[in-house]
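Participant: To start, I am sharing the structure in question, which I have written as structure tokens.
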Amino acid sequence: MLGAGTNPGRRWPNAGLLISPRDLVSDWPGSLRLAAPLPIPLFAHWARIEPGDKVLRWQDRGVSSHAALRGKLRAIPVLATQPLPFPVEAAPDDPSILFVSWLDDAIDAGIAEPHAMTLSTCGPDGSPYARTLILKDLDAEGWWFGGQTGSPKGRQLASVPAAASTFYWPTVGRQVRVRGPVRQADPERSLADFWDRSAGSRAVALTSRQSTPAPSLAQIDAGVRESQRIAAEADPTRPTGWTLWGVAATDIEFWQADPGRQHMRLRYTRAAGGDWLRDLLWP
Ligand SMILES: Cc1cc2nc3c(=O)[nH]c(=O)nc-3n(C[C@H](O)[C@H](O)[C@H](O)COP(=O)(O)O)c2cc1C
């Protein structure tokens with residue numbers, strides 16, 4: 001049952017209470033099912049775990065059930081931020097100026113890796129893919145990021161040369177979405193970016209097997225050591241498979257959280273002549 005002292009066996013803490021192993025019946029390795037209803041406190045809520053409800057276990061982190069997880073997810077504060085001012089009427093004509101100013105605000109707010117973004121791409125069948133990447137540069141031609149041409153994202157961009165990048169800066173309650181066609185940088189620029197990387201990143205970048213299944217940890221280890229050797233001996237003029245891609249933005253949306261949920265949204269759309277049109281969007 002609940003609480004300490006009811007079972008001499010091992011206990012897993014859960015949201016401040018202890019669940020005895022007697023409350024759990026084994027289901028499959030890594031998962032347990034609950035034998036009897038179990039109320040558990042979750043922040044301001046009580047969640048009730050029903051018999052048969054799947055209980056998740058991962059190493060010694062404790063147990064949780066789907067009911068508990070749902071309660072936990074709902075209890076996590078969203079946008080409990082210190083919003084910054086966003087005077088949309090005074091927004092600059094060029095969205096990249098606004099982006100750089102928001103990036104500076106994110107840096108000043110101490111947000112870790114504020115240049116990290118979610119890059120979304122499409123496969124040839126239209127199926128979506130997304131992953132985190134680092135913004136490497138921003139200029140009149142694009143929002144630049146780097147990766148291997150042979151990676152899944154490289155193949156997706158070769159068949160559907162378009163992407164969306166999303167930045168989220170939680171402390172200041174801001175999101176920026178950038179969308180547009182993608183083009184590859186010329187080889188010199190990509191090579192310069194490769195050699196700008198740390199020795200460890202260069203070694204990983206030389207592995208042409210990114211995202212393919214690996215037979216074992218030992219083989220990954222051996223492969224990384226081999227890449228380190230190749231990277232150390234690499235000819236700085238030789239192509240590496242590493243490339244920069246640039247998103248030539250056609251839409252950029254700036255989103256600023258508001259504690260009263262009247263979030264401020266400003267979208268820039270590139271017109272045929274190259275000028276930027278601006279629209280306020282409903283939150
Ligand atoms: C913070 C962070 C930064 C990353 N930066 C890069 C990057 O700049 N380039 C890159 O190819 N992968 C980067 N990755 C790894 C990618 O998220 C991804 O695992 C990898 O590119 C393979 O993606 P793909 O299989 O879709 O091609 C980064 C991951 C994280 C968490």
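We name chains A, B, ... following the order of the structure tokens; residues begin at 1 in each chain, and ligands are numbered from 1 as shown.
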For the interface of chain A with ligand 1 (cut-off 9 Å, counting only C-alpha atoms and all ligand atoms), please tabulate each contacting residue of chain A alongside its nearest pair of atoms and their separation in Å to one decimal, rows sorted by chain and increasing number, as a Markdown table.
Facilitator:
```
| residue | atom | partner | partner_atom_place_in_ligand_line | distance |
| --- | --- | --- | --- | --- |
| A:Glu113 | CA | ligand 1 | 1 (C) | 7.0 |
| A:His115 | CA | ligand 1 | 1 (C) | 8.7 |
| A:Ala116 | CA | ligand 1 | 1 (C) | 5.6 |
| A:Met117 | CA | ligand 1 | 3 (C) | 7.9 |
| A:Thr118 | CA | ligand 1 | 17 (O) | 8.1 |
| A:Leu119 | CA | ligand 1 | 17 (O) | 8.5 |
| A:Ser120 | CA | ligand 1 | 26 (O) | 8.7 |
| A:Thr121 | CA | ligand 1 | 26 (O) | 8.4 |
| A:Tyr129 | CA | ligand 1 | 26 (O) | 6.7 |
| A:Ala130 | CA | ligand 1 | 26 (O) | 6.5 |
| A:Arg131 | CA | ligand 1 | 17 (O) | 4.5 |
| A:Thr132 | CA | ligand 1 | 17 (O) | 4.0 |
| A:Leu133 | CA | ligand 1 | 5 (N) | 3.6 |
| A:Ile134 | CA | ligand 1 | 8 (O) | 4.2 |
| A:Leu135 | CA | ligand 1 | 8 (O) | 7.0 |
| A:Lys136 | CA | ligand 1 | 8 (O) | 7.6 |
| A:Phe145 | CA | ligand 1 | 8 (O) | 6.2 |
| A:Gly146 | CA | ligand 1 | 9 (N) | 5.0 |
| A:Gly147 | CA | ligand 1 | 11 (O) | 3.6 |
| A:Gln148 | CA | ligand 1 | 11 (O) | 6.1 |
| A:Thr149 | CA | ligand 1 | 27 (O) | 8.6 |
| A:Gly150 | CA | ligand 1 | 27 (O) | 8.1 |
| A:Ser151 | CA | ligand 1 | 27 (O) | 4.3 |
| A:Pro152 | CA | ligand 1 | 27 (O) | 4.0 |
| A:Lys153 | CA | ligand 1 | 27 (O) | 3.9 |
| A:Gly154 | CA | ligand 1 | 27 (O) | 6.3 |
| A:Arg155 | CA | ligand 1 | 27 (O) | 8.1 |
| A:Gln156 | CA | ligand 1 | 27 (O) | 8.4 |
| A:Ala205 | CA | ligand 1 | 11 (O) | 7.5 |
| A:Gln210 | CA | ligand 1 | 22 (C) | 6.2 |
| A:Ser211 | CA | ligand 1 | 25 (O) | 4.7 |
| A:Thr212 | CA | ligand 1 | 25 (O) | 8.0 |
| A:Trp242 | CA | ligand 1 | 11 (O) | 8.5 |
```
Participant: Just the selected residues (C-alpha atoms), exported as a compact mmCIF listing (two decimals), in the first residue's frame, please.
Facilitator:
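Result file follows (result.txt):
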```
# COMPACT_ATOMS: atom_id res chain seq x y z
CA GLU A 113 21.83 27.88 -26.99
CA HIS A 115 20.82 29.90 -31.79
CA ALA A 116 19.36 26.37 -31.66
CA MET A 117 16.29 25.87 -33.83
CA THR A 118 13.96 23.12 -34.93
CA LEU A 119 14.49 22.52 -38.64
CA SER A 120 11.51 20.92 -40.38
CA THR A 121 11.83 19.35 -43.81
CA TYR A 129 10.79 15.41 -40.44
CA ALA A 130 12.18 17.72 -37.75
CA ARG A 131 15.37 17.99 -35.72
CA THR A 132 17.37 20.54 -33.74
CA LEU A 133 20.15 22.40 -35.55
CA ILE A 134 22.28 25.47 -34.94
CA LEU A 135 21.85 28.69 -36.90
CA LYS A 136 25.29 29.40 -38.38
CA PHE A 145 22.62 25.95 -41.11
CA GLY A 146 25.08 23.10 -41.63
CA GLY A 147 24.87 19.35 -42.05
CA GLN A 148 25.90 16.41 -44.16
CA THR A 149 24.60 16.16 -47.70
CA GLY A 150 24.29 12.38 -47.23
CA SER A 151 22.19 12.64 -44.03
CA PRO A 152 18.41 12.18 -44.12
CA LYS A 153 17.93 15.97 -43.97
CA GLY A 154 20.41 16.35 -46.86
CA ARG A 155 18.49 13.85 -48.95
CA GLN A 156 15.16 15.45 -48.03
CA ALA A 205 30.75 15.63 -39.61
CA GLN A 210 24.71 9.79 -39.77
CA SER A 211 21.27 8.51 -38.70
CA THR A 212 21.80 4.97 -40.04
CA TRP A 242 29.54 18.92 -45.02
```
Participant: Check the DSSP output for the backbone and give back, as a PyMOL selection string, the residues of stretch 35-238 of chain A in helix (DSSP H, G or I).
Facilitator: chain A and resi 66-75+88-90+95-108+152-159+170-172+187-196+199-205+217-233
Participant: Go through stretch 65-119 of chain A residue by residue and, counting only C-alpha atoms, keep those with an atom at most 8 Å from stretch 167-176 of chain A; for each kept residue give the shortest atom pair and its distance in Å to one decimal, ordered by chain and increasing number, as CSV.
Facilitator:
```
residue,atom,partner,partner_atom,distance
A:Leu79,CA,A:Gly173,CA,6.1
A:Thr81,CA,A:Thr171,CA,5.5
A:Gln82,CA,A:Val172,CA,5.6
A:Pro83,CA,A:Val172,CA,5.1
A:Leu84,CA,A:Val172,CA,6.1
A:Phe99,CA,A:Val176,CA,7.9
A:Ala106,CA,A:Trp169,CA,6.4
A:Ala109,CA,A:Thr171,CA,7.1
A:Ile111,CA,A:Trp169,CA,6.8
A:Pro114,CA,A:Trp169,CA,6.8
A:His115,CA,A:Phe167,CA,7.7
A:Ala116,CA,A:Phe167,CA,6.8
A:Met117,CA,A:Phe167,CA,4.7
A:Thr118,CA,A:Phe167,CA,6.6
```
Participant: Next, dump the selected residues to file, keeping only C-alpha atoms, as a PDB file, in the first residue's frame.
Facilitator:
```pdb
ATOM      1  CA  LEU A  79       4.396  30.558 -20.557  1.00  0.00           C
ATOM      2  CA  THR A  81       7.478  34.005 -18.357  1.00  0.00           C
ATOM      3  CA  GLN A  82       8.635  37.532 -17.925  1.00  0.00           C
ATOM      4  CA  PRO A  83       7.410  38.822 -21.290  1.00  0.00           C
ATOM      5  CA  LEU A  84       9.383  41.536 -22.981  1.00  0.00           C
ATOM      6  CA  PHE A  99      15.293  38.780 -35.378  1.00  0.00           C
ATOM      7  CA  ALA A 106      17.556  35.910 -25.664  1.00  0.00           C
ATOM      8  CA  ALA A 109      18.289  36.731 -20.759  1.00  0.00           C
ATOM      9  CA  ILE A 111      18.888  31.426 -22.541  1.00  0.00           C
ATOM     10  CA  PRO A 114      19.564  30.640 -28.262  1.00  0.00           C
ATOM     11  CA  HIS A 115      20.821  29.898 -31.787  1.00  0.00           C
ATOM     12  CA  ALA A 116      19.356  26.375 -31.663  1.00  0.00           C
ATOM     13  CA  MET A 117      16.292  25.874 -33.830  1.00  0.00           C
ATOM     14  CA  THR A 118      13.964  23.123 -34.934  1.00  0.00           C
TER      15      THR A 118
END
```
Participant: Quick one: residues within 8 Å of A:Cys122, only C-alpha atoms counted, chain neighbours fewer than 4 positions away excluded, as an mmCIF file with N, CA and C atoms, in the first residue's frame?
Facilitator:
```cif
data_model
loop_
_atom_site.group_PDB
_atom_site.id
_atom_site.type_symbol
_atom_site.label_atom_id
_atom_site.label_comp_id
_atom_site.auth_asym_id
_atom_site.auth_seq_id
_atom_site.Cartn_x
_atom_site.Cartn_y
_atom_site.Cartn_z
ATOM 1 N N GLY A 126 6.097 13.716 -49.024
ATOM 2 C CA GLY A 126 5.360 14.735 -48.272
ATOM 3 C C GLY A 126 5.388 14.506 -46.767
ATOM 4 N N SER A 127 6.031 13.434 -46.297
ATOM 5 C CA SER A 127 6.033 13.191 -44.852
ATOM 6 C C SER A 127 7.014 14.138 -44.162
ATOM 7 N N PRO A 128 6.635 14.627 -42.965
ATOM 8 C CA PRO A 128 7.460 15.634 -42.290
ATOM 9 C C PRO A 128 8.579 15.031 -41.449
ATOM 10 N N TYR A 129 9.660 15.777 -41.307
ATOM 11 C CA TYR A 129 10.790 15.413 -40.436
ATOM 12 C C TYR A 129 11.219 16.692 -39.715
ATOM 13 N N GLN A 156 16.488 14.816 -47.949
ATOM 14 C CA GLN A 156 15.156 15.452 -48.033
ATOM 15 C C GLN A 156 15.261 16.814 -48.726
ATOM 16 N N LEU A 157 16.299 17.581 -48.374
ATOM 17 C CA LEU A 157 16.440 18.917 -48.975
ATOM 18 C C LEU A 157 16.791 18.818 -50.456
ATOM 19 N N VAL A 160 13.163 17.946 -51.818
ATOM 20 C CA VAL A 160 12.190 19.033 -51.589
ATOM 21 C C VAL A 160 12.974 20.209 -50.984
ATOM 22 N N ALA A 162 13.008 22.995 -49.479
ATOM 23 C CA ALA A 162 12.266 23.999 -48.700
ATOM 24 C C ALA A 162 12.303 23.555 -47.247
ATOM 25 N N ALA A 163 12.217 24.527 -46.329
ATOM 26 C CA ALA A 163 12.300 24.159 -44.908
ATOM 27 C C ALA A 163 11.630 25.219 -44.047
#
```
Participant: Applying 12 Å and only C-alpha atoms, which residues near A:Arg229 remain after dropping the ones on its own chain fewer than 3 positions away? List them as a list in words.
Facilitator: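 Listing them by chain and then by number gives Ala199, Gly200, Arg202, Ala203, Val204, Leu206, Thr207, Ala222, Gly223, Val224, Arg225, Glu226, Ala232, Glu233 and Ala234 of chain A.
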Participant: Neighbours of A:Arg261 within 12 Å (only C-alpha atoms; same-chain residues fewer than 3 positions away dropped), as a list in words?
Facilitator: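 So, after excluding close chain neighbours, the residues are Val78, Leu79, Ala80, Thr81, Pro83, Gly173, Trp255, Gln256, Ala257, Asp258, Met264, Arg265, Trp282 and Pro283 of chain A.
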Participant: Please identify which residues in stretch 221-259 of chain A DSSP calls strand (DSSP E) from the backbone, and express them as a list in words.
Facilitator: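 Of stretch 221-259 of chain A, only Trp242, Thr243, Leu244, Trp245, Gly246, Val247, Asp251, Ile252, Glu253, Phe254, Trp255 and Gln256 of chain A fall in strand (DSSP E).
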Participant: Between atom CA of A:Leu191 and atom CA of A:Ile230, what is the distance in Å, rounded to a tenth?
Facilitator: 15.7 Å
Participant: Near A:Leu280, within 12 Å and counting only C-alpha atoms, which residues show up once chain neighbours fewer than 3 positions away are dropped, as a list in words?
Facilitator: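 After dropping sequence-adjacent residues, the list is Pro87, Val88, Glu89, Ala91, Ile252, Glu253, Phe254, Trp255, Gln256, His263, Met264, Arg265, Leu266, Arg267, Tyr268, Thr269, Leu277 and Pro283 of chain A.
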Participant: Dump N, CA and C atoms for the selected residues as a compact mmCIF listing (two decimals), in the first residue's frame?
Facilitator:
```txt
# COMPACT_ATOMS: atom_id res chain seq x y z
N PRO A 87 6.56 46.34 -29.24
CA PRO A 87 5.77 47.40 -29.86
C PRO A 87 5.65 47.14 -31.37
N VAL A 88 4.62 46.40 -31.77
CA VAL A 88 4.53 45.97 -33.17
C VAL A 88 4.47 47.14 -34.15
N GLU A 89 3.88 48.26 -33.71
CA GLU A 89 3.77 49.41 -34.64
C GLU A 89 5.16 49.94 -34.99
N ALA A 91 7.85 48.09 -35.31
CA ALA A 91 8.71 47.01 -35.83
C ALA A 91 9.42 47.47 -37.11
N ILE A 252 8.13 35.11 -42.14
CA ILE A 252 8.77 35.10 -40.81
C ILE A 252 7.74 35.60 -39.81
N GLU A 253 7.48 34.79 -38.80
CA GLU A 253 6.50 35.22 -37.80
C GLU A 253 7.15 35.39 -36.43
N PHE A 254 6.89 36.53 -35.81
CA PHE A 254 7.38 36.82 -34.46
C PHE A 254 6.21 36.69 -33.49
N TRP A 255 6.42 35.94 -32.44
CA TRP A 255 5.34 35.61 -31.49
C TRP A 255 5.82 35.97 -30.09
N GLN A 256 5.08 36.84 -29.44
CA GLN A 256 5.45 37.27 -28.09
C GLN A 256 4.33 36.89 -27.12
N HIS A 263 -1.59 37.02 -26.88
CA HIS A 263 -0.25 36.96 -27.45
C HIS A 263 -0.17 37.85 -28.69
N MET A 264 0.99 38.44 -28.85
CA MET A 264 1.21 39.36 -29.97
C MET A 264 1.91 38.60 -31.09
N ARG A 265 1.32 38.66 -32.29
CA ARG A 265 1.93 37.95 -33.42
C ARG A 265 2.07 38.90 -34.61
N LEU A 266 3.25 38.92 -35.16
CA LEU A 266 3.50 39.76 -36.33
C LEU A 266 4.15 38.90 -37.40
N ARG A 267 3.51 38.87 -38.58
CA ARG A 267 4.07 38.06 -39.68
C ARG A 267 4.56 38.97 -40.80
N TYR A 268 5.75 38.68 -41.27
CA TYR A 268 6.30 39.35 -42.45
C TYR A 268 6.19 38.38 -43.62
N THR A 269 5.70 38.87 -44.75
CA THR A 269 5.64 38.05 -45.96
C THR A 269 6.36 38.80 -47.08
N LEU A 277 5.81 42.60 -46.51
CA LEU A 277 4.48 43.02 -46.05
C LEU A 277 4.32 42.55 -44.61
N PRO A 283 -4.19 35.80 -32.00
CA PRO A 283 -3.42 34.86 -31.17
C PRO A 283 -4.04 33.46 -31.20
```
Participant: Which value, in Å to one decimal, gives the distance between atom CA of A:Trp144 and atom CA of A:Gly246?
Facilitator: 4.2 Å
Participant: Pick out the closest residue to A:Pro85 from this set: A:Gly273, A:Ile97, A:Ala185, A:Asp105. Count only C-alpha atoms.
Facilitator: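 Using only C-alpha atoms, the shortest distance to A:Pro85 belongs to A:Asp105.
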Participant: Between A:Pro92, A:Pro215, A:Gly110, A:Gly142, which residue has the minimum interatomic distance to A:Val178, considering only C-alpha atoms?
Facilitator: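 Nearest candidate to A:Val178 out of A:Pro92, A:Pro215, A:Gly110, A:Gly142: A:Gly142.
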